[in-house]
Amino acid sequence: MRVCWLAIWLLVGGLPGSLAGARAQPAPATQPIELVLGPAAIPLTGTYTLAVRLRGAALASHSEFPELEGFRKAGLTTSTATSLVAGRRSVTELTLTQRYVPYTEGSYSIPAFDLTVNGQVLHSSGGHVLVGPAAPPSAPLAGASVGAGQGIGSLDQLLGKPKPKYFYEPPDHASLALEADRKQVYVGEGVRVSLYLYLQPADQALLNFYNFTEQLPELVSQLRQPTTWEVPTAETAIVPDTVRRAGAVYLRFRLAENTYYPLTSQLLRFAPLRLTMTKFKLLKKPQPGEDDKLAIYKTYTAPPVQVVVRPLPPRRGVAPGGSLAVGHYVLHEGISGVRFRTGEAFTYTFSVEGQGNPAAVVVPTPPPSANRQLEIYGPDIHEEKLAGGQLRKSFRYRLVPHQPGAVRLDSLFQLAYFDPTTARYDTLRSELRPEVRGAARASAAAFPTDDPFYGPALASADSRLQPFDVYRDVRRYASWLVAALLVVAAVGWWRSS
């Protein structure tokens, strides 16, 4: 009977303890995804590797491993290893390995690269690998004989590896060019500068962009000119167009394009630009199953470009001072009606079309004292681009006449500009003279200085600037005063009671 009770006690008392021990066992921490570089030195018959190691996670997706100069990809392998913890829990380690086979001996640089695994970006700063001579084959055992057809060593030792001398570099017709649409311009006149990559259709199989997203911002920054007003062209997809150059058909890729409007007569100097691309060497005698391409890097250089900037001639025929646009412009006018009466508002649009810097097209609004015949409100400015690189800039005004008669808009709205095509100054003026009918009306709101009350008040007013929070301070002080008065009233009421 005692033995039975002892057995029951062991089963009931020991079982929860074992379960508690199992629950208390901590799970191994999951390590992040690792990027593992290969050895720093390998023999010519060896293999260099780039690997990604995942611990406790499955491989969902990954990007392509980079191409390495002097190596060819030999295959992608996946291996898993399972380890037991405390005899109960297991942790799986998955390794994705890209193997690279060297072509010849030498020291090679592994460039920096990024690899995306399961949505996580892994960055490597690169490194170096030394490829040494091949290891000598192991000698056969003493007394052992080699039979007919029996080889020693690996298949690579018997057949050999593709060497760079078995590859040849086919010629290409690619070139990098920096082109300006004008060799000389006036101050304020625009010059469009474009960076193009030219190549023939057959070159597309030999060339590819290398790290273009990092090279392009550096190229654009080298195009900047500190003495110009720069207007970049809207970014679009790099789609080539077909052009004929030196009698041959080329594909032209526009990499960057800006329009520059010089602010001074200083010479515009564009430094030479360099673009590195990936080029493929081809195997002289391709074999089935062999990679017949060898990736190398080739740099193309665009020669420097200079643009002469000419100063503007002395002003003749236009009033000095004020804004001056440079370009070729025409005027289009619009008005909201044909018959007007005093006190009734109408709209007038002064629209300029042509080629030039849109920021320099400014129509000055006359001050209220320039014309006592009408009130002028605005302008509302609207700007749009037209076909052929032209622009349209519209200035819309609201006018309220107070005196009858013809309104001379040409004396109110005008644009002085310099035409670089004819090398002459000119002025765009309104040709409309709307007729206003009705009785004359006073305009105290438009000209308050003529009012018998507001005129003296404005003349004696303080013109010093006031802070924006002055009213907030007054409200705060008034609140304190009201609170103090309430306290005094409460004290008086308490004493009287």
# chains A, B, ... in the order shown; residues from 1 in each chain; ligands from 1

call {"tool": "residues_around", "arguments": {"residues": "A:Thr259", "least_positions_apart": "2", "cutoff": "7 Å", "atoms": "only C-alpha atoms", "output": "VMD selection string"}}
result
chain A and resid 190 to 193 230 to 232 261

call {"tool": "residues_around", "arguments": {"residues": "stretch 414-418 of chain A", "least_positions_apart": "3", "cutoff": "9 Å", "atoms": "only C-alpha atoms", "output": "VMD selection string"}}
result
chain A and resid 312 318 to 319 322 to 329 350 352 361 to 364 409 to 411 421 to 430

call {"tool": "select_by_dssp", "arguments": {"residues": "stretch 50-261 of chain A", "states": "helix (DSSP H, G or I)", "output": "list in words"}}
result
Leu155, Asp156, Gln157, Leu158, Leu159, Pro164, Lys165, Tyr166, Pro201, Ala202, Asp203, Gln204, Ala205, Phe212, Thr213, Glu214, Gln215, Leu216, Pro217, Glu218, Leu219, Val220, Ser221 and Gln222 of chain A

call {"tool": "residues_around", "arguments": {"residues": "stretch 67-76 of chain A", "least_positions_apart": "4", "cutoff": "9 Å", "atoms": "only C-alpha atoms", "output": "JSON list (two decimals) with N, CA and C atoms, in the first residue's frame"}}
result
[["chain", "number", "residue", "atom", "x", "y", "z"],
["A", 47, "THR", "N", 37.18, 28.76, -55.13],
["A", 47, "THR", "CA", 35.92, 29.46, -55.39],
["A", 47, "THR", "C", 35.73, 30.56, -54.36],
["A", 48, "TYR", "N", 35.39, 31.74, -54.83],
["A", 48, "TYR", "CA", 35.06, 32.84, -53.92],
["A", 48, "TYR", "C", 33.54, 32.85, -53.73],
["A", 96, "LEU", "N", 22.30, 31.04, -48.09],
["A", 96, "LEU", "CA", 22.22, 31.19, -49.54],
["A", 96, "LEU", "C", 23.59, 31.66, -50.04],
["A", 97, "THR", "N", 24.23, 30.87, -50.88],
["A", 97, "THR", "CA", 25.61, 31.11, -51.28],
["A", 97, "THR", "C", 25.71, 31.28, -52.79],
["A", 98, "GLN", "N", 26.33, 32.37, -53.21],
["A", 98, "GLN", "CA", 26.65, 32.60, -54.62],
["A", 98, "GLN", "C", 28.13, 32.34, -54.81],
["A", 99, "ARG", "N", 28.47, 31.41, -55.69],
["A", 99, "ARG", "CA", 29.86, 31.02, -55.93],
["A", 99, "ARG", "C", 30.40, 31.77, -57.15],
["A", 100, "TYR", "N", 31.66, 32.18, -57.05],
["A", 100, "TYR", "CA", 32.36, 32.89, -58.12],
["A", 100, "TYR", "C", 33.67, 32.16, -58.43],
["A", 101, "VAL", "N", 33.92, 31.96, -59.72],
["A", 101, "VAL", "CA", 35.13, 31.27, -60.16],
["A", 101, "VAL", "C", 36.07, 32.30, -60.77],
["A", 102, "PRO", "N", 37.33, 32.39, -60.31],
["A", 102, "PRO", "CA", 38.27, 33.37, -60.89],
["A", 102, "PRO", "C", 38.76, 32.93, -62.26],
["A", 103, "TYR", "N", 39.11, 33.92, -63.08],
["A", 103, "TYR", "CA", 39.64, 33.63, -64.40],
["A", 103, "TYR", "C", 41.16, 33.51, -64.39],
["A", 104, "THR", "N", 41.82, 34.32, -63.62],
["A", 104, "THR", "CA", 43.28, 34.32, -63.59],
["A", 104, "THR", "C", 43.76, 34.84, -62.25],
["A", 106, "GLY", "N", 45.69, 37.25, -59.49],
["A", 106, "GLY", "CA", 45.77, 38.69, -59.33],
["A", 106, "GLY", "C", 45.00, 39.15, -58.10],
["A", 108, "TYR", "N", 41.97, 41.49, -56.76],
["A", 108, "TYR", "CA", 40.72, 42.03, -57.27],
["A", 108, "TYR", "C", 40.02, 42.80, -56.16],
["A", 109, "SER", "N", 39.31, 43.84, -56.56],
["A", 109, "SER", "CA", 38.55, 44.67, -55.63],
["A", 109, "SER", "C", 37.08, 44.29, -55.70],
["A", 110, "ILE", "N", 36.48, 44.07, -54.54],
["A", 110, "ILE", "CA", 35.05, 43.79, -54.45],
["A", 110, "ILE", "C", 34.35, 45.11, -54.17],
["A", 111, "PRO", "N", 33.62, 45.69, -55.13],
["A", 111, "PRO", "CA", 32.99, 47.01, -54.89],
["A", 111, "PRO", "C", 31.86, 46.90, -53.87],
["A", 164, "PRO", "N", 40.91, 35.15, -69.10],
["A", 164, "PRO", "CA", 40.60, 36.37, -69.85],
["A", 164, "PRO", "C", 41.18, 36.39, -71.25],
["A", 291, "ASP", "N", 29.50, 30.24, -69.40],
["A", 291, "ASP", "CA", 29.09, 31.64, -69.47],
["A", 291, "ASP", "C", 29.98, 32.34, -70.49],
["A", 293, "LYS", "N", 30.11, 35.47, -71.37],
["A", 293, "LYS", "CA", 30.30, 36.91, -71.16],
["A", 293, "LYS", "C", 31.15, 37.15, -69.92],
["A", 294, "LEU", "N", 31.99, 38.17, -70.00],
["A", 294, "LEU", "CA", 32.81, 38.60, -68.88],
["A", 294, "LEU", "C", 32.56, 40.09, -68.66],
["A", 295, "ALA", "N", 32.06, 40.45, -67.49],
["A", 295, "ALA", "CA", 31.71, 41.84, -67.19],
["A", 295, "ALA", "C", 32.94, 42.63, -66.80],
["A", 296, "ILE", "N", 33.12, 43.79, -67.42],
["A", 296, "ILE", "CA", 34.17, 44.74, -67.06],
["A", 296, "ILE", "C", 33.52, 46.12, -66.95],
["A", 297, "TYR", "N", 34.31, 47.10, -66.57],
["A", 297, "TYR", "CA", 33.82, 48.47, -66.44],
["A", 297, "TYR", "C", 34.54, 49.36, -67.44]]

call {"tool": "atom_distance", "arguments": {"atom1": "atom CA of A:Leu255", "atom2": "atom CA of A:Ile238"}}
result
6.8 Å

call {"tool": "residues_around", "arguments": {"residues": "A:Arg254", "least_positions_apart": "3", "cutoff": "8 Å", "atoms": "only C-alpha atoms", "output": "JSON, numbers by chain"}}
result
{"A": [194, 195, 196, 197, 238, 239, 240, 257]}

call {"tool": "write_last_selection", "arguments": {"atoms": "N, CA and C atoms", "output": "compact mmCIF listing (two decimals), in the first residue's frame"}}
result
# COMPACT_ATOMS: atom_id res chain seq x y z
N SER A 194 22.36 69.91 -72.54
CA SER A 194 21.88 68.54 -72.39
C SER A 194 23.05 67.58 -72.33
N LEU A 195 22.90 66.54 -71.53
CA LEU A 195 23.89 65.47 -71.44
C LEU A 195 23.29 64.23 -72.11
N TYR A 196 23.93 63.78 -73.18
CA TYR A 196 23.41 62.67 -73.98
C TYR A 196 24.40 61.50 -73.96
N LEU A 197 23.83 60.30 -74.06
CA LEU A 197 24.61 59.09 -74.30
C LEU A 197 24.19 58.53 -75.65
N ILE A 238 13.98 57.58 -68.97
CA ILE A 238 15.06 57.66 -69.95
C ILE A 238 14.72 56.72 -71.11
N VAL A 239 14.06 57.27 -72.11
CA VAL A 239 13.66 56.52 -73.29
C VAL A 239 14.44 57.08 -74.48
N PRO A 240 15.16 56.24 -75.21
CA PRO A 240 16.00 56.78 -76.30
C PRO A 240 15.17 57.19 -77.50
N GLU A 257 19.13 67.53 -68.46
CA GLU A 257 18.95 68.72 -69.29
C GLU A 257 18.49 69.87 -68.42
